[in-house]
Amino acid sequence: MADPRCQLHGGAEFKTYCQTCRKPICSECVLFGHVQHRHVEMNETFLAESRKRLQDVVARSDADRRGGMIQRLRSIADREDKRVEWIDGASETLSEEIETHFAELHAALKKQEAALLAE
């Protein structure tokens, strides 16, 4: 891939970084368009520091996304825990209702059995 070049000044090579505008510029841009701005030479040290800052931003962004994902998963887990508690409660209530209904049916059958045996 070719290095980007200055479109304003005949494809001149970017050798300076304008800190004010936050973009690379050529030497003619320094003289004619960015005179009052702060700039720094784009050497290996600058590029390495820029790469490191970018990697740090990406890492923080990844950590933030993972943190957000973990928070959403915890929220889902909490909701599911509440559903399980509700189901457990409903199951217990249903079991009690079944036992009560069975006891009532059993008592009715016993009563009917006694009446039939008495005849």
# chains A, B, ... in the order shown; residues from 1 in each chain; ligands from 1
>>> residues_around(residues="segment 48-56 of chain A", least_positions_apart="5", cutoff="12 Å", atoms="only C-alpha atoms", output="PyMOL selection string")
chain A and resi 17+19+22-23+40+42-43+61-63
>>> select_by_dssp(residues="chain A", states="helix (DSSP H, G or I)", output="VMD selection string")
chain A and resid 27 to 32 44 to 118
>>> residues_around(residues="Pro24 of chain A", least_positions_apart="6", cutoff="10 Å", atoms="only C-alpha atoms", output="PDB file with N, CA and C atoms, in the first residue's frame")
ATOM      1  N   PRO A   4       0.190   7.649   2.052  1.00  0.00           N
ATOM      2  CA  PRO A   4      -0.637   8.791   1.657  1.00  0.00           C
ATOM      3  C   PRO A   4       0.246  10.019   1.444  1.00  0.00           C
ATOM      4  N   ARG A   5      -0.144  10.837   0.519  1.00  0.00           N
ATOM      5  CA  ARG A   5       0.636  12.035   0.207  1.00  0.00           C
ATOM      6  C   ARG A   5      -0.287  13.246   0.191  1.00  0.00           C
ATOM      7  N   CYS A   6       0.304  14.432   0.261  1.00  0.00           N
ATOM      8  CA  CYS A   6      -0.447  15.682   0.314  1.00  0.00           C
ATOM      9  C   CYS A   6      -1.075  15.987  -1.047  1.00  0.00           C
ATOM     10  N   GLU A  13       5.396  14.374   0.371  1.00  0.00           N
ATOM     11  CA  GLU A  13       5.370  13.394   1.462  1.00  0.00           C
ATOM     12  C   GLU A  13       5.036  14.074   2.792  1.00  0.00           C
ATOM     13  N   PHE A  14       4.187  13.398   3.580  1.00  0.00           N
ATOM     14  CA  PHE A  14       3.889  13.889   4.925  1.00  0.00           C
ATOM     15  C   PHE A  14       5.093  13.585   5.812  1.00  0.00           C
ATOM     16  N   LYS A  15       5.675  14.649   6.392  1.00  0.00           N
ATOM     17  CA  LYS A  15       6.809  14.450   7.297  1.00  0.00           C
ATOM     18  C   LYS A  15       6.544  15.069   8.655  1.00  0.00           C
ATOM     19  N   THR A  16       5.433  15.787   8.781  1.00  0.00           N
ATOM     20  CA  THR A  16       5.119  16.514  10.007  1.00  0.00           C
ATOM     21  C   THR A  16       3.684  16.195  10.409  1.00  0.00           C
ATOM     22  N   TYR A  17       3.448  16.233  11.708  1.00  0.00           N
ATOM     23  CA  TYR A  17       2.093  16.025  12.221  1.00  0.00           C
ATOM     24  C   TYR A  17       1.649  17.315  12.888  1.00  0.00           C
ATOM     25  N   CYS A  18       0.518  17.863  12.429  1.00  0.00           N
ATOM     26  CA  CYS A  18      -0.024  19.086  13.027  1.00  0.00           C
ATOM     27  C   CYS A  18      -0.851  18.663  14.250  1.00  0.00           C
ATOM     28  N   HIS A  39       3.346  21.638  15.750  1.00  0.00           N
ATOM     29  CA  HIS A  39       3.595  20.435  14.979  1.00  0.00           C
ATOM     30  C   HIS A  39       4.810  19.698  15.506  1.00  0.00           C
ATOM     31  N   VAL A  40       4.887  18.433  15.086  1.00  0.00           N
ATOM     32  CA  VAL A  40       5.976  17.569  15.504  1.00  0.00           C
ATOM     33  C   VAL A  40       6.395  16.728  14.297  1.00  0.00           C
ATOM     34  N   GLU A  41       7.692  16.448  14.226  1.00  0.00           N
ATOM     35  CA  GLU A  41       8.205  15.626  13.130  1.00  0.00           C
ATOM     36  C   GLU A  41       7.675  14.198  13.262  1.00  0.00           C
ATOM     37  N   MET A  42       7.253  13.630  12.130  1.00  0.00           N
ATOM     38  CA  MET A  42       6.730  12.260  12.148  1.00  0.00           C
ATOM     39  C   MET A  42       7.902  11.291  11.931  1.00  0.00           C
TER      40      MET A  42
END
>>> atom_distance(atom1="atom CA of Lys82 of chain A", atom2="atom CA of Glu96 of chain A")
21.2 Å
>>> closest_residue(among="A:Ala118, A:Cys21, A:Met69, A:Leu105", to="Arg38 of chain A", atoms="only C-alpha atoms")
A:Cys21
>>> select_by_dssp(residues="chain A", states="strand (DSSP E or B)", output="VMD selection string")
chain A and resid 5 to 6 12 to 13 16 to 18 23 to 25 39 to 41
